[in-house]
$ cat structure-v3.txt   # compact mmCIF, C-alpha atoms
# COMPACT_ATOMS: atom_id res chain seq x y z
CA MET A 1 -38.85 0.90 1.63
CA ARG A 2 -36.85 2.32 -1.23
CA ALA A 3 -33.08 2.74 -1.01
CA LYS A 4 -33.27 6.53 -1.23
CA GLU A 5 -35.60 6.59 1.79
CA PHE A 6 -33.30 4.68 4.16
CA ILE A 7 -30.11 6.28 2.81
CA PHE A 8 -31.47 9.76 3.55
CA LYS A 9 -32.73 8.63 6.96
CA GLU A 10 -29.31 7.21 7.90
CA ALA A 11 -27.58 10.33 6.63
CA LYS A 12 -29.91 12.52 8.71
CA ASP A 13 -29.30 10.44 11.85
CA PHE A 14 -25.50 10.37 11.42
CA LYS A 15 -23.47 12.04 14.18
CA PRO A 16 -19.75 12.55 13.49
CA ASN A 17 -17.30 10.76 15.80
CA GLU A 18 -20.00 8.44 17.04
CA PHE A 19 -20.62 4.84 15.97
CA ARG A 20 -24.11 3.53 15.45
CA HIS A 21 -25.42 1.26 18.20
CA ASP A 22 -25.16 -1.89 16.04
CA ALA A 23 -21.56 -1.05 15.12
CA MET A 24 -20.68 -0.47 18.80
CA ALA A 25 -22.10 -3.90 19.66
CA GLY A 26 -19.99 -5.64 17.00
CA LEU A 27 -16.65 -3.80 17.40
CA PRO A 28 -15.16 -4.68 20.78
CA GLY A 29 -11.91 -2.93 21.68
CA ALA A 30 -11.88 -0.52 18.72
CA HIS A 31 -9.37 2.32 19.01
CA ALA A 32 -8.50 5.35 16.92
CA TRP A 33 -4.84 6.39 16.66
CA PRO A 34 -4.80 10.19 16.23
CA GLU A 35 -1.13 10.32 15.21
CA LEU A 36 -1.62 7.68 12.51
CA ASP A 37 -3.88 9.58 10.12
CA ASN A 38 -3.90 9.16 6.35
CA SER A 39 -1.66 12.16 5.80
CA SER A 40 1.29 10.00 6.85
CA GLY A 41 1.07 6.49 5.52
CA TYR A 42 4.68 5.95 6.57
CA LEU A 43 3.99 6.29 10.28
CA ALA A 44 1.05 3.89 9.99
CA TYR A 45 3.36 1.48 8.13
CA ARG A 46 5.97 1.72 10.91
CA PHE A 47 3.20 1.02 13.44
CA GLY A 48 2.40 -2.16 11.51
CA VAL A 49 6.07 -3.18 11.50
CA ALA A 50 6.19 -2.58 15.26
CA LEU A 51 3.11 -4.78 15.70
CA ALA A 52 4.86 -7.68 13.99
CA GLY A 53 7.61 -7.87 16.61
CA GLN A 54 5.67 -7.20 19.78
CA PRO A 55 5.83 -7.61 22.69
CA ASP A 56 9.51 -8.64 22.61
CA GLN A 57 11.25 -6.63 19.89
CA LYS A 58 12.58 -3.07 19.97
CA MET A 59 12.98 -0.90 16.86
CA ASP A 60 13.83 2.58 15.67
CA VAL A 61 10.39 4.16 15.43
CA VAL A 62 10.98 6.54 12.52
CA GLY A 63 13.92 4.89 10.72
CA PRO A 64 16.91 6.72 9.21
CA THR A 65 14.89 9.33 7.31
CA GLY A 66 11.92 9.89 9.58
CA LEU A 67 8.81 11.04 7.78
CA LYS A 68 10.76 12.86 5.06
CA MET A 69 10.40 11.99 1.39
CA VAL A 70 13.50 10.34 -0.10
CA THR A 71 14.44 10.37 -3.79
CA ILE A 72 17.20 8.47 -5.57
CA ALA A 73 18.76 9.78 -8.78
CA TYR A 74 20.46 6.98 -10.70
CA THR A 75 21.56 9.28 -13.53
CA PRO A 76 22.62 12.92 -13.87
CA ALA A 77 19.46 13.52 -15.92
CA GLU A 78 17.29 12.32 -13.05
CA GLN A 79 19.22 14.55 -10.65
CA ALA A 80 18.64 17.53 -12.96
CA ILE A 81 14.88 16.83 -12.93
CA LEU A 82 14.85 16.61 -9.12
CA ASP A 83 16.88 19.82 -8.78
CA ALA A 84 14.58 21.69 -11.19
CA ALA A 85 11.46 20.56 -9.30
CA ALA A 86 13.06 21.51 -5.96
CA GLY A 87 13.90 24.94 -7.37
CA LEU A 88 10.34 25.40 -8.61
CA VAL A 89 8.81 24.39 -5.27
CA GLY A 90 11.52 26.15 -3.27
CA THR A 91 12.52 23.25 -1.04
CA PRO A 92 16.07 22.41 0.02
CA LYS A 93 17.54 18.91 -0.09
CA VAL A 94 19.75 17.09 2.38
CA ARG A 95 22.35 14.67 0.97
CA LEU A 96 22.03 11.21 2.51
CA THR A 97 24.47 9.20 0.35
CA PRO A 98 27.25 9.88 -2.21
CA ASP A 99 26.40 10.54 -5.87
CA SER A 100 27.78 7.22 -7.12
CA SER A 101 27.26 3.65 -6.00
CA THR A 102 29.93 1.00 -5.52
CA GLU A 103 29.94 -2.75 -5.11
CA LEU A 104 30.86 -4.00 -1.65
CA ALA A 105 34.03 -6.06 -1.36
CA ASP A 106 32.08 -9.13 -0.30
CA THR A 107 29.60 -8.90 -3.20
CA ASN A 108 29.29 -12.11 -5.20
CA LYS A 109 30.59 -11.10 -8.64
CA GLN A 110 30.11 -14.45 -10.35
CA SER A 111 26.67 -15.13 -11.75
CA PRO A 112 24.90 -18.09 -10.12
CA VAL A 113 23.24 -18.79 -13.48
CA ALA A 114 26.30 -18.43 -15.72
CA ASN A 115 25.83 -21.93 -17.17
CA TRP A 116 22.06 -21.94 -17.48
CA ASN A 117 22.02 -22.77 -21.22
CA LYS A 118 21.56 -26.57 -21.05
CA HIS A 119 19.80 -29.14 -23.19
CA ALA A 120 16.71 -30.82 -21.85
CA ASN A 121 18.80 -33.87 -20.92
CA GLY A 122 21.02 -31.77 -18.64
CA LYS A 123 24.19 -31.84 -20.79
CA MET A 124 25.98 -28.58 -21.55
CA LYS A 125 25.87 -27.06 -25.03
CA LYS A 126 29.24 -26.92 -26.76

$ encode --input "structure-v3.txt" --output "structure tokens"
Amino acid sequence: MRAKEFIFKEAKDFKPNEFRHDAMAGLPGAHAWPELDNSSGYLAYRFGVALAGQPDQKMDVVGPTGLKMVTIAYTPAEQAILDAAAGLVGTPKVRLTPDSSTELADTNKQSPVANWNKHANGKMKK
């Protein structure tokens, strides 16, 4: 039998939303999750995170931003690009954080590798 013969036969016999008999026999306990379709990879990701902590852990299902896209503008130029695209598409934005970032008071401000420039024998260069 040539490949084109069995490919066309399988395509003709295919019924949507129904597994073939041999697949049914080899896939015990298969489930579809209608709310976790490919249009929202984020919700499927959150489902996977929830799986990791079950059955004991609780979590915020959607997180702080839900299913909304989040952008971060590190420079005024990036913010201008985002604003221009939003104007073109006609979508509003919701501010989540201030425009500038700051170091926290407990941030380690001394480099852990400040003295990395050593000779092979471990003595410091002078």

$ closest_residue --input "structure-v3.txt" --among "A:Leu88, A:Leu27, A:Val61, A:Val94" --to "A:Phe47" --atoms "only C-alpha atoms"
A:Val61

$ residues_around --input "structure-v3.txt" --residues "A:Ile72" --least-positions-apart "5" --cutoff "10 Å" --atoms "only C-alpha atoms" --output "list of chain:residue names"
A:Glu78, A:Gln79, A:Leu82, A:Leu96, A:Thr97, A:Asp99

$ closest_residue --input "structure-v3.txt" --among "A:Leu43, A:Asp22, A:Val49, A:Pro76" --to "A:Val62" --atoms "all atoms listed in the file"
A:Leu43

$ atom_distance --input "structure-v3.txt" --atom1 "atom CA of A:Pro98" --atom2 "atom CA of A:Ile81"
17.8 Å

$ atom_distance --input "structure-v3.txt" --atom1 "atom CA of A:Met69" --atom2 "atom CA of A:Pro34"
21.3 Å

$ atom_distance --input "structure-v3.txt" --atom1 "atom CA of A:Tyr45" --atom2 "atom CA of A:Leu67"
11.0 Å

$ closest_residue --input "structure-v3.txt" --among "A:Ala32, A:Ser100, A:His21, A:Asn108" --to "A:Ala73" --atoms "all atoms listed in the file"
A:Ser100

$ closest_residue --input "structure-v3.txt" --among "A:Met24, A:Leu36, A:Val113, A:Ala80" --to "A:Gly48" --atoms "all atoms listed in the file"
A:Leu36

$ closest_residue --input "structure-v3.txt" --among "A:Gly63, A:Ala52, A:Ser101, A:Gln57" --to "A:Thr75" --atoms "all atoms listed in the file"
A:Ser101

$ decode --input "structure-v3.txt" --residues "stretch 40-68 of chain A" --atoms "N, CA and C atoms" --output "mmCIF file, in the first residue's frame"
data_model
loop_
_atom_site.group_PDB
_atom_site.id
_atom_site.type_symbol
_atom_site.label_atom_id
_atom_site.label_comp_id
_atom_site.auth_asym_id
_atom_site.auth_seq_id
_atom_site.Cartn_x
_atom_site.Cartn_y
_atom_site.Cartn_z
ATOM 1 N N SER A 40 -4.982 31.475 24.741
ATOM 2 C CA SER A 40 -4.463 32.037 25.980
ATOM 3 C C SER A 40 -3.418 31.108 26.566
ATOM 4 N N GLY A 41 -2.201 31.250 26.123
ATOM 5 C CA GLY A 41 -1.127 30.442 26.674
ATOM 6 C C GLY A 41 -0.893 30.736 28.145
ATOM 7 N N TYR A 42 -1.226 31.951 28.581
ATOM 8 C CA TYR A 42 -1.003 32.333 29.969
ATOM 9 C C TYR A 42 -1.845 31.497 30.923
ATOM 10 N N LEU A 43 -3.109 31.296 30.600
ATOM 11 C CA LEU A 43 -3.971 30.525 31.482
ATOM 12 C C LEU A 43 -3.508 29.066 31.546
ATOM 13 N N ALA A 44 -3.059 28.534 30.434
ATOM 14 C CA ALA A 44 -2.515 27.175 30.429
ATOM 15 C C ALA A 44 -1.240 27.119 31.278
ATOM 16 N N TYR A 45 -0.418 28.158 31.195
ATOM 17 C CA TYR A 45 0.785 28.243 32.027
ATOM 18 C C TYR A 45 0.413 28.253 33.507
ATOM 19 N N ARG A 46 -0.569 29.072 33.887
ATOM 20 C CA ARG A 46 -0.999 29.149 35.283
ATOM 21 C C ARG A 46 -1.554 27.792 35.752
ATOM 22 N N PHE A 47 -2.209 27.074 34.860
ATOM 23 C CA PHE A 47 -2.693 25.733 35.190
ATOM 24 C C PHE A 47 -1.500 24.829 35.525
ATOM 25 N N GLY A 48 -0.450 24.930 34.728
ATOM 26 C CA GLY A 48 0.753 24.144 34.994
ATOM 27 C C GLY A 48 1.398 24.512 36.321
ATOM 28 N N VAL A 49 1.428 25.805 36.650
ATOM 29 C CA VAL A 49 1.966 26.238 37.941
ATOM 30 C C VAL A 49 1.118 25.667 39.069
ATOM 31 N N ALA A 50 -0.198 25.694 38.898
ATOM 32 C CA ALA A 50 -1.098 25.146 39.914
ATOM 33 C C ALA A 50 -0.858 23.649 40.090
ATOM 34 N N LEU A 51 -0.588 22.938 38.999
ATOM 35 C CA LEU A 51 -0.317 21.502 39.090
ATOM 36 C C LEU A 51 0.888 21.216 39.979
ATOM 37 N N ALA A 52 1.893 22.076 39.889
ATOM 38 C CA ALA A 52 3.137 21.832 40.623
ATOM 39 C C ALA A 52 2.936 21.826 42.132
ATOM 40 N N GLY A 53 1.958 22.573 42.633
ATOM 41 C CA GLY A 53 1.783 22.663 44.072
ATOM 42 C C GLY A 53 0.627 21.859 44.625
ATOM 43 N N GLN A 54 -0.009 21.069 43.812
ATOM 44 C CA GLN A 54 -1.203 20.357 44.283
ATOM 45 C C GLN A 54 -0.861 19.032 44.915
ATOM 46 N N PRO A 55 -1.640 18.582 45.863
ATOM 47 C CA PRO A 55 -2.957 19.065 46.255
ATOM 48 C C PRO A 55 -2.935 20.038 47.431
ATOM 49 N N ASP A 56 -1.758 20.437 47.920
ATOM 50 C CA ASP A 56 -1.690 21.189 49.168
ATOM 51 C C ASP A 56 -1.664 22.709 49.025
ATOM 52 N N GLN A 57 -1.143 23.234 47.962
ATOM 53 C CA GLN A 57 -0.900 24.669 47.859
ATOM 54 C C GLN A 57 -2.084 25.437 47.285
ATOM 55 N N LYS A 58 -2.241 26.670 47.741
ATOM 56 C CA LYS A 58 -3.235 27.597 47.176
ATOM 57 C C LYS A 58 -2.479 28.670 46.408
ATOM 58 N N MET A 59 -3.115 29.292 45.427
ATOM 59 C CA MET A 59 -2.460 30.348 44.656
ATOM 60 C C MET A 59 -3.500 31.266 44.040
ATOM 61 N N ASP A 60 -3.051 32.465 43.676
ATOM 62 C CA ASP A 60 -3.895 33.396 42.949
ATOM 63 C C ASP A 60 -3.969 32.872 41.512
ATOM 64 N N VAL A 61 -5.145 32.567 41.047
ATOM 65 C CA VAL A 61 -5.287 31.890 39.755
ATOM 66 C C VAL A 61 -4.804 32.741 38.587
ATOM 67 N N VAL A 62 -5.134 34.017 38.553
ATOM 68 C CA VAL A 62 -4.775 34.823 37.391
ATOM 69 C C VAL A 62 -3.578 35.733 37.613
ATOM 70 N N GLY A 63 -3.092 35.882 38.843
ATOM 71 C CA GLY A 63 -1.951 36.753 39.097
ATOM 72 C C GLY A 63 -2.350 38.213 39.087
ATOM 73 N N PRO A 64 -1.404 39.126 39.254
ATOM 74 C CA PRO A 64 -1.729 40.546 39.406
ATOM 75 C C PRO A 64 -2.257 41.225 38.144
ATOM 76 N N THR A 65 -2.012 40.670 36.980
ATOM 77 C CA THR A 65 -2.461 41.322 35.750
ATOM 78 C C THR A 65 -3.499 40.521 34.986
ATOM 79 N N GLY A 66 -3.883 39.366 35.495
ATOM 80 C CA GLY A 66 -4.869 38.560 34.791
ATOM 81 C C GLY A 66 -4.342 38.105 33.446
ATOM 82 N N LEU A 67 -5.194 38.128 32.464
ATOM 83 C CA LEU A 67 -4.810 37.688 31.119
ATOM 84 C C LEU A 67 -4.415 38.858 30.230
ATOM 85 N N LYS A 68 -4.178 40.016 30.824
ATOM 86 C CA LYS A 68 -3.859 41.213 30.041
ATOM 87 C C LYS A 68 -2.374 41.266 29.689
#
